[in-house]
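S.K.: If it helps, the file is called structure_28.cif and holds mmCIF, C-alpha atoms:
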data_run
loop_
_atom_site.label_atom_id
_atom_site.label_comp_id
_atom_site.auth_asym_id
_atom_site.auth_seq_id
_atom_site.Cartn_x
_atom_site.Cartn_y
_atom_site.Cartn_z
CA MET A 25 98.74 110.32 137.44
CA ASN A 26 101.20 108.27 135.42
CA ALA A 27 98.34 106.78 133.43
CA LEU A 28 96.93 110.22 132.65
CA LYS A 29 100.37 111.48 131.69
CA THR A 30 100.88 108.52 129.36
CA LEU A 31 97.44 109.04 127.82
CA PHE A 32 98.15 112.74 127.28
CA GLU A 33 101.49 111.95 125.65
CA THR A 34 99.81 109.39 123.40
CA PHE A 35 97.19 111.90 122.26
CA SER A 36 99.88 114.51 121.69
CA LEU A 37 101.76 112.06 119.51
CA TYR A 38 98.69 111.20 117.45
CA PHE A 39 97.67 114.85 117.02
CA SER A 40 101.07 115.58 115.56
CA TYR A 41 100.10 113.53 112.50
CA PRO A 42 98.16 115.45 109.81
CA PHE A 43 95.92 112.48 108.94
CA VAL A 44 94.55 112.39 112.51
CA ARG A 45 93.79 116.10 112.43
CA TYR A 46 92.14 115.73 109.01
CA ALA A 47 89.99 112.87 110.28
CA LEU A 48 88.85 114.78 113.37
CA ILE A 49 87.99 117.90 111.35
CA THR A 50 86.02 115.89 108.80
CA GLY A 51 84.28 113.76 111.41
CA THR A 52 83.26 116.78 113.46
CA LEU A 53 81.77 118.58 110.46
CA ILE A 54 79.88 115.49 109.28
CA ALA A 55 78.51 114.85 112.78
CA LEU A 56 77.37 118.47 113.09
CA CYS A 57 75.62 118.53 109.71
CA SER A 58 73.93 115.16 110.15
CA SER A 59 72.61 116.03 113.62
CA LEU A 60 71.13 119.36 112.47
CA LEU A 61 69.21 117.68 109.65
CA GLY A 62 68.43 114.65 111.79
CA VAL A 63 66.08 116.66 114.01
CA THR A 64 64.03 117.76 111.00
CA LEU A 65 63.95 114.24 109.55
CA VAL A 66 62.85 112.64 112.82
CA LEU A 67 60.09 115.21 113.40
CA LYS A 68 58.84 114.84 109.82
CA ARG A 69 58.93 111.04 110.22
CA PHE A 70 61.53 110.60 107.50
CA SER A 71 63.97 108.85 109.83
CA PHE A 72 64.42 105.92 107.46
CA ILE A 73 65.46 108.19 104.59
CA GLY A 74 69.09 108.06 105.66
CA ASP A 75 69.18 104.29 105.40
CA GLY A 76 67.47 104.34 102.01
CA LEU A 77 69.78 106.95 100.52
CA SER A 78 72.86 105.25 101.95
CA HIS A 79 71.91 102.11 100.04
CA VAL A 80 71.51 104.22 96.92
CA ALA A 81 75.01 105.57 97.52
CA PHE A 82 76.24 101.98 97.93
CA GLY A 83 74.81 101.05 94.54
CA ALA A 84 76.42 104.11 92.94
CA MET A 85 79.78 103.38 94.56
CA ALA A 86 79.61 99.78 93.34
CA PHE A 87 78.88 101.02 89.80
CA ALA A 88 81.82 103.45 90.03
CA ALA A 89 84.12 100.68 91.24
CA VAL A 90 83.07 98.34 88.45
CA PHE A 91 83.77 100.93 85.76
CA GLY A 92 87.00 102.09 87.38
CA LEU A 93 86.06 105.68 88.11
CA THR A 94 88.92 107.21 90.09
CA ASN A 95 86.70 109.88 91.66
CA ASN A 96 83.47 108.10 92.58
CA MET A 97 82.07 111.32 94.11
CA LEU A 98 81.27 112.51 90.56
CA LEU A 99 78.77 109.66 90.24
CA VAL A 100 77.67 108.94 93.81
CA LEU A 101 76.68 112.51 94.74
CA PRO A 102 74.42 113.26 91.71
CA VAL A 103 72.70 109.85 91.91
CA THR A 104 72.06 110.19 95.64
CA VAL A 105 70.79 113.75 95.24
CA LEU A 106 68.39 112.66 92.50
CA CYS A 107 66.98 109.82 94.60
CA ALA A 108 66.64 112.13 97.61
CA ILE A 109 64.58 114.54 95.51
CA LEU A 110 62.37 111.70 94.28
CA LEU A 111 61.79 110.37 97.80
CA LEU A 112 61.30 113.59 99.77
CA CYS A 113 59.56 115.68 97.16
CA GLY A 114 57.44 112.95 95.61
CA SER A 115 57.98 114.25 92.11
CA GLY A 116 59.15 111.01 90.55
CA ILE A 117 57.01 109.18 88.04
CA PHE A 118 57.47 105.83 89.76
CA VAL A 119 57.00 106.97 93.36
CA ARG A 120 54.19 109.50 92.97
CA LYS A 121 51.38 107.07 93.80
CA MET A 122 53.24 105.15 96.51
CA ASN A 123 53.51 105.70 100.24
CA GLY A 124 56.77 107.27 101.37
CA ASP A 125 57.96 104.21 103.31
CA ALA A 126 57.24 101.92 100.35
CA SER A 127 59.27 104.17 98.04
CA VAL A 128 62.20 104.20 100.45
CA ALA A 129 62.08 100.42 100.83
CA MET A 130 61.96 99.77 97.09
CA ILE A 131 64.80 102.13 96.18
CA SER A 132 66.87 101.05 99.20
CA VAL A 133 66.65 97.29 98.63
CA GLY A 134 66.88 97.64 94.85
CA SER A 135 70.04 99.76 94.96
CA LEU A 136 71.70 97.48 97.49
CA ALA A 137 70.91 94.35 95.49
CA ILE A 138 71.99 95.79 92.12
CA GLY A 139 75.19 97.20 93.58
CA TYR A 140 76.19 93.89 95.14
CA LEU A 141 75.20 92.02 91.95
CA LEU A 142 77.43 94.26 89.82
CA MET A 143 80.36 93.79 92.17
CA ASN A 144 79.91 90.03 92.06
CA ILE A 145 79.63 89.84 88.27
CA PHE A 146 82.46 92.21 87.33
CA LYS A 147 84.66 91.78 90.47
CA PRO A 148 86.52 95.14 90.47
CA SER A 149 89.10 93.70 92.87
CA SER A 150 90.20 90.34 94.24
CA ASN A 151 88.94 91.17 97.76
CA LEU A 152 85.21 91.44 97.12
CA SER A 153 84.15 90.76 100.71
CA GLY A 154 86.55 93.39 102.00
CA ASP A 155 85.29 95.99 99.52
CA VAL A 156 81.65 95.35 100.43
CA CYS A 157 82.32 95.46 104.18
CA THR A 158 84.29 98.68 103.76
CA ILE A 159 81.38 100.39 102.00
CA LEU A 160 78.71 99.01 104.34
CA PHE A 161 80.41 99.48 107.71
CA GLY A 162 82.97 102.19 107.06
CA SER A 163 86.71 101.78 107.15
CA THR A 164 89.97 103.39 108.10
CA SER A 165 89.71 105.50 104.94
CA ILE A 166 88.63 108.35 107.20
CA LEU A 167 92.20 108.22 108.54
CA THR A 168 93.76 108.32 105.08
CA LEU A 169 92.04 111.42 103.71
CA ARG A 170 94.00 113.65 101.40
CA LYS A 171 94.11 117.39 101.95
CA GLU A 172 91.98 117.95 98.83
CA GLU A 173 89.26 115.65 100.21
CA VAL A 174 89.29 117.46 103.54
CA ILE A 175 88.91 120.82 101.79
CA LEU A 176 85.98 119.46 99.75
CA CYS A 177 84.34 118.18 102.94
CA ILE A 178 84.82 121.55 104.64
CA VAL A 179 83.31 123.44 101.71
CA LEU A 180 80.29 121.14 101.43
CA SER A 181 79.77 121.13 105.20
CA LEU A 182 79.88 124.93 105.34
CA CYS A 183 77.27 125.03 102.56
CA VAL A 184 75.04 122.75 104.64
CA LEU A 185 75.50 124.88 107.77
CA VAL A 186 74.82 128.14 105.89
CA TYR A 187 71.67 126.65 104.38
CA PHE A 188 70.43 125.50 107.79
CA ILE A 189 71.09 128.86 109.45
CA LEU A 190 69.51 130.93 106.69
CA SER A 191 66.52 128.59 106.38
CA TYR A 192 66.00 127.94 110.09
CA ASN A 193 62.62 129.69 110.39
CA ALA A 194 61.30 128.16 107.18
CA LEU A 195 62.50 124.69 108.20
CA PHE A 196 60.85 125.12 111.59
CA SER A 197 57.53 126.00 109.97
CA THR A 198 57.58 123.27 107.34
CA THR A 199 58.63 120.68 109.91
CA PHE A 200 55.68 121.20 112.24
CA ASP A 201 52.89 122.36 109.90
CA GLU A 202 53.67 122.36 106.21
CA GLU A 203 50.15 123.37 105.17
CA PHE A 204 50.17 126.41 107.46
CA ALA A 205 53.66 127.33 106.23
CA LYS A 206 52.47 127.16 102.64
CA ALA A 207 49.47 129.32 103.48
CA SER A 208 51.81 131.83 105.14
CA GLY A 209 53.68 132.30 101.89
CA ILE A 210 56.66 130.04 102.58
CA LYS A 211 57.83 128.19 99.48
CA THR A 212 57.60 124.74 101.03
CA ASN A 213 58.34 122.89 97.80
CA PHE A 214 61.59 124.82 97.40
CA TYR A 215 62.70 124.08 100.96
CA ASN A 216 61.75 120.41 100.61
CA LEU A 217 63.84 120.27 97.44
CA MET A 218 66.82 121.97 99.07
CA THR A 219 66.56 119.80 102.17
CA ALA A 220 66.55 116.67 100.02
CA MET A 221 69.70 117.80 98.23
CA VAL A 222 71.46 118.74 101.47
CA ILE A 223 70.58 115.41 103.09
CA ALA A 224 72.05 113.58 100.11
CA VAL A 225 75.28 115.57 100.42
CA VAL A 226 75.59 114.75 104.12
CA ILE A 227 74.99 111.04 103.52
CA VAL A 228 77.63 110.86 100.80
CA LEU A 229 80.12 112.65 103.09
CA ALA A 230 79.30 110.27 105.95
CA MET A 231 79.96 107.14 103.87
CA ASN A 232 83.69 107.21 104.66
CA LEU A 233 83.05 107.83 108.35
CA VAL A 234 80.50 105.20 109.39
CA GLY A 235 79.60 103.27 106.23
CA SER A 236 76.25 103.04 104.48
CA LEU A 237 74.56 100.75 107.04
CA LEU A 238 75.35 103.00 110.01
CA ILE A 239 74.49 106.40 108.55
CA SER A 240 70.94 106.26 109.91
CA ALA A 241 72.32 105.94 113.44
CA LEU A 242 74.44 109.05 112.97
CA ILE A 243 71.33 110.97 111.89
CA ILE A 244 68.73 109.54 114.26
CA PHE A 245 70.36 108.80 117.63
CA PRO A 246 71.57 112.33 118.52
CA ALA A 247 68.15 113.78 117.64
CA MET A 248 66.26 111.12 119.61
CA THR A 249 68.60 111.57 122.58
CA ALA A 250 68.11 115.34 122.59
CA MET A 251 64.33 114.86 122.45
CA ARG A 252 64.53 112.87 125.68
CA LEU A 253 66.01 115.89 127.42
CA PHE A 254 64.38 118.95 125.82
CA LYS A 255 61.07 119.91 124.23
CA SER A 256 61.69 123.04 122.17
CA PHE A 257 62.96 122.78 118.61
CA ARG A 258 65.89 125.13 119.23
CA LYS A 259 67.09 123.31 122.36
CA VAL A 260 66.72 119.91 120.71
CA THR A 261 68.73 121.10 117.69
CA VAL A 262 71.56 122.51 119.83
CA ALA A 263 71.65 119.48 122.13
CA SER A 264 71.60 117.09 119.18
CA SER A 265 74.58 118.87 117.64
CA VAL A 266 76.59 118.78 120.87
CA ILE A 267 75.82 115.09 121.49
CA SER A 268 76.66 114.11 117.93
CA VAL A 269 79.98 115.99 117.85
CA VAL A 270 81.09 114.73 121.28
CA CYS A 271 80.22 111.10 120.49
CA THR A 272 81.94 111.32 117.10
CA VAL A 273 85.16 112.84 118.42
CA LEU A 274 85.33 110.43 121.38
CA GLY A 275 84.49 107.51 119.09
CA MET A 276 87.27 108.38 116.68
CA LEU A 277 89.81 108.82 119.51
CA ILE A 278 88.81 105.50 121.07
CA SER A 279 89.00 103.85 117.67
CA ILE A 280 92.52 105.17 117.10
CA LEU A 281 93.72 104.05 120.55
CA ALA A 282 91.93 100.70 120.72
CA GLY A 283 92.05 99.76 117.03
CA THR A 284 88.27 99.29 116.80
CA PRO A 285 86.16 100.11 113.70
CA VAL A 286 85.54 103.86 113.52
CA GLY A 287 81.87 103.77 112.49
CA SER A 288 80.82 101.06 114.92
CA THR A 289 82.60 102.76 117.82
CA ILE A 290 80.85 106.07 117.15
CA VAL A 291 77.43 104.42 116.88
CA ALA A 292 78.05 102.40 120.06
CA LEU A 293 78.72 105.65 121.94
CA ASP A 294 75.57 107.20 120.45
CA ILE A 295 73.55 104.21 121.66
CA GLY A 296 75.10 104.38 125.12
CA VAL A 297 74.33 108.09 125.49
CA PHE A 298 70.77 107.52 124.25
CA VAL A 299 70.18 104.79 126.86
CA LEU A 300 71.64 106.89 129.67
CA CYS A 301 69.60 109.96 128.72
CA SER A 302 66.43 107.89 128.41
CA ILE A 303 66.96 106.48 131.90
CA ALA A 304 67.71 109.94 133.27
CA ALA A 305 64.63 111.43 131.62
CA ASN A 306 62.36 108.74 133.09
CA PHE A 307 63.95 109.10 136.51
CA TYR A 308 63.52 112.87 136.75
CA ARG A 309 60.15 113.03 135.00
#
Please lay out the structure from this file as structure tokens.
M.R.:
Amino acid sequence: MNALKTLFETFSLYFSYPFVRYALITGTLIALCSSLLGVTLVLKRFSFIGDGLSHVAFGAMAFAAVFGLTNNMLLVLPVTVLCAILLLCGSGIFVRKMNGDASVAMISVGSLAIGYLLMNIFKPSSNLSGDVCTILFGSTSILTLRKEEVILCIVLSLCVLVYFILSYNALFSTTFDEEFAKASGIKTNFYNLMTAMVIAVVIVLAMNLVGSLLISALIIFPAMTAMRLFKSFRKVTVASSVISVVCTVLGMLISILAGTPVGSTIVALDIGVFVLCSIAANFYR
């Protein structure tokens, strides 16, 4: 009882700080948005798109750091959105005649290499290794968010949620049978374009939470875990959202208490839940 009382008092103390509340709000919204889109990406076999676009965002952030842009979102978001459109919609000149996985690999590796090369040549700060690790694996910057950044995250996350809710039926159709959806009068190209833009927004928002190398886990693991438990698209979507939010909130709380990296802690919980659900699904099958 004393241990529980101490733990409760510790949480009460932390929740009294605005930066902790800001971090939890932002993390919850990012986890919710990424899990909703993750189901669609996994079913359309675009699971690797998150990793590719995160590397694009890394290259853009490196470019912004080299040229001293105080608000790197002004560069990172447009560049990531453009690459998402090229990859998912296949409208780019250079990727039109390539397979989707080859396009992702080329843009992913190229952006990562160029970004790291720029940071090595121009050295925007004296702690190059620290800057690179912060971008790749996330950092405590999620715990130092300003109120303006939290408001921006809330607005963008609400836009993502509104898009998903209003486009649910169209997304369902294009996910399972795009040709039939097109024949039914659904503007599949428009929804593919919008989905690409929304995915890019979520990835840029998630950079501060888990880092560019761990974004794919935030998108894929909740969806894959939910698919072990349920079969219908609606149930998988709801379960994925719940799993993602719970793992993210618990991961952030554990990170605050134990002093572990935020992104890695969240992903470790996602992996643990995936393993447990996989075992449970095999046992009760």
S.K.: Can you tell me which residues surround A:Ile131 at a distance of at most 10 Å, considering all atoms listed in the file, apart from same-chain residues fewer than 5 positions away, and format the answer as a list in words?
M.R.: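 Once the nearby chain positions are removed, what remains is Gly76, Leu77, His79, Val80, Cys107, Leu111, Val119, Ala126, Leu136 and Ala137 of chain A.
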S.K.: Would you mind telling me which residue in A:Leu110, A:Cys57, A:Leu190, A:Ala81 lies nearest to A:Ile138 when using all atoms listed in the file?
M.R.: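 Nearest to A:Ile138: A:Ala81.
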S.K.: Hey, what comes out of the PyMOL selection byres ((chain A and resi 270-278) around 9) on this file? Could you write it as number ranges by chain?
M.R.: A: 35, 47-48, 51-52, 55, 242, 246, 265-269, 279-294, 297
S.K.: To one decimal place in Å, what is the distance between atom CA of A:Arg258 and atom CA of A:Leu238?
M.R.: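 Computed distance, atom CA of A:Arg258 to atom CA of A:Leu238, equals 25.8 Å.
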S.K.: Go through A:Phe39, A:Phe32, A:Phe82, A:Tyr140 and flag the residue nearest A:Ala230, using all atoms listed in the file for the distances.
M.R.: A:Phe82
S.K.: Between atom CA of A:Leu180 and atom CA of A:Ala84, what is the distance in Å, rounded to a tenth?
M.R.: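 Going from atom CA of A:Leu180 over to atom CA of A:Ala84, I get 19.4 Å.
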S.K.: Separation of atom CA of A:Thr64 and atom CA of A:Thr199, in Å?
M.R.: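 Distance reported for this atom pair: 6.2 Å.
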S.K.: Just so the selection is clear, what residues does the PyMOL selection byres ((chain A and resi 224) around 9) cover here, as a PDB file with C-alpha atoms, in the coordinates of the input?
M.R.:
ATOM      1  CA  GLY A  74      69.090 108.060 105.660  1.00  0.00           C
ATOM      2  CA  LEU A  77      69.780 106.950 100.520  1.00  0.00           C
ATOM      3  CA  SER A  78      72.860 105.250 101.950  1.00  0.00           C
ATOM      4  CA  ALA A  81      75.010 105.570  97.520  1.00  0.00           C
ATOM      5  CA  LEU A 101      76.680 112.510  94.740  1.00  0.00           C
ATOM      6  CA  PRO A 102      74.420 113.260  91.710  1.00  0.00           C
ATOM      7  CA  THR A 104      72.060 110.190  95.640  1.00  0.00           C
ATOM      8  CA  VAL A 105      70.790 113.750  95.240  1.00  0.00           C
ATOM      9  CA  LEU A 106      68.390 112.660  92.500  1.00  0.00           C
ATOM     10  CA  CYS A 107      66.980 109.820  94.600  1.00  0.00           C
ATOM     11  CA  ALA A 108      66.640 112.130  97.610  1.00  0.00           C
ATOM     12  CA  ILE A 109      64.580 114.540  95.510  1.00  0.00           C
ATOM     13  CA  THR A 219      66.560 119.800 102.170  1.00  0.00           C
ATOM     14  CA  ALA A 220      66.550 116.670 100.020  1.00  0.00           C
ATOM     15  CA  MET A 221      69.700 117.800  98.230  1.00  0.00           C
ATOM     16  CA  VAL A 222      71.460 118.740 101.470  1.00  0.00           C
ATOM     17  CA  ILE A 223      70.580 115.410 103.090  1.00  0.00           C
ATOM     18  CA  VAL A 225      75.280 115.570 100.420  1.00  0.00           C
ATOM     19  CA  VAL A 226      75.590 114.750 104.120  1.00  0.00           C
ATOM     20  CA  ILE A 227      74.990 111.040 103.520  1.00  0.00           C
ATOM     21  CA  VAL A 228      77.630 110.860 100.800  1.00  0.00           C
ATOM     22  CA  LEU A 229      80.120 112.650 103.090  1.00  0.00           C
TER      23      LEU A 229
END
S.K.: Find the smallest box with edges along x, y and z containing every listed atom of stretch 214-228 of chain A, then add 4 Å on each side and report centre and edge lengths in Å to one decimal, as AutoDock Vina command-line options.
M.R.:
--center_x 69.6 --center_y 117.8 --center_z 100.8 --size_x 24.0 --size_y 22.0 --size_z 14.7
S.K.: On this file, the PyMOL selection byres ((chain A and resi 263) around 12) gives some set of residues; write that set as an MDAnalysis selection string.
M.R.: chainID A and resid 56 59:60 62:63 245:262 264:270 301
S.K.: Which of these residues is nearest to A:Asn144, using all atoms listed in the file: A:Cys183, A:Asp75, A:Phe298, A:Val90?
M.R.: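 Of the candidates, the smallest distance to A:Asn144 is held by A:Val90.
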S.K.: Nearest to A:Val44: which of A:Leu169, A:Ile73, A:Ala304, A:Ala129 is it, counting all atoms listed in the file?
M.R.: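 Among the listed residues, A:Leu169 lies closest to A:Val44.
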S.K.: Taking all atoms listed in the file into account, name the residue in A:Lys171, A:Ser240, A:Met231, A:Phe196 that is nearest to A:Val100.
M.R.: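 The answer is A:Met231, which sits nearest to A:Val100.
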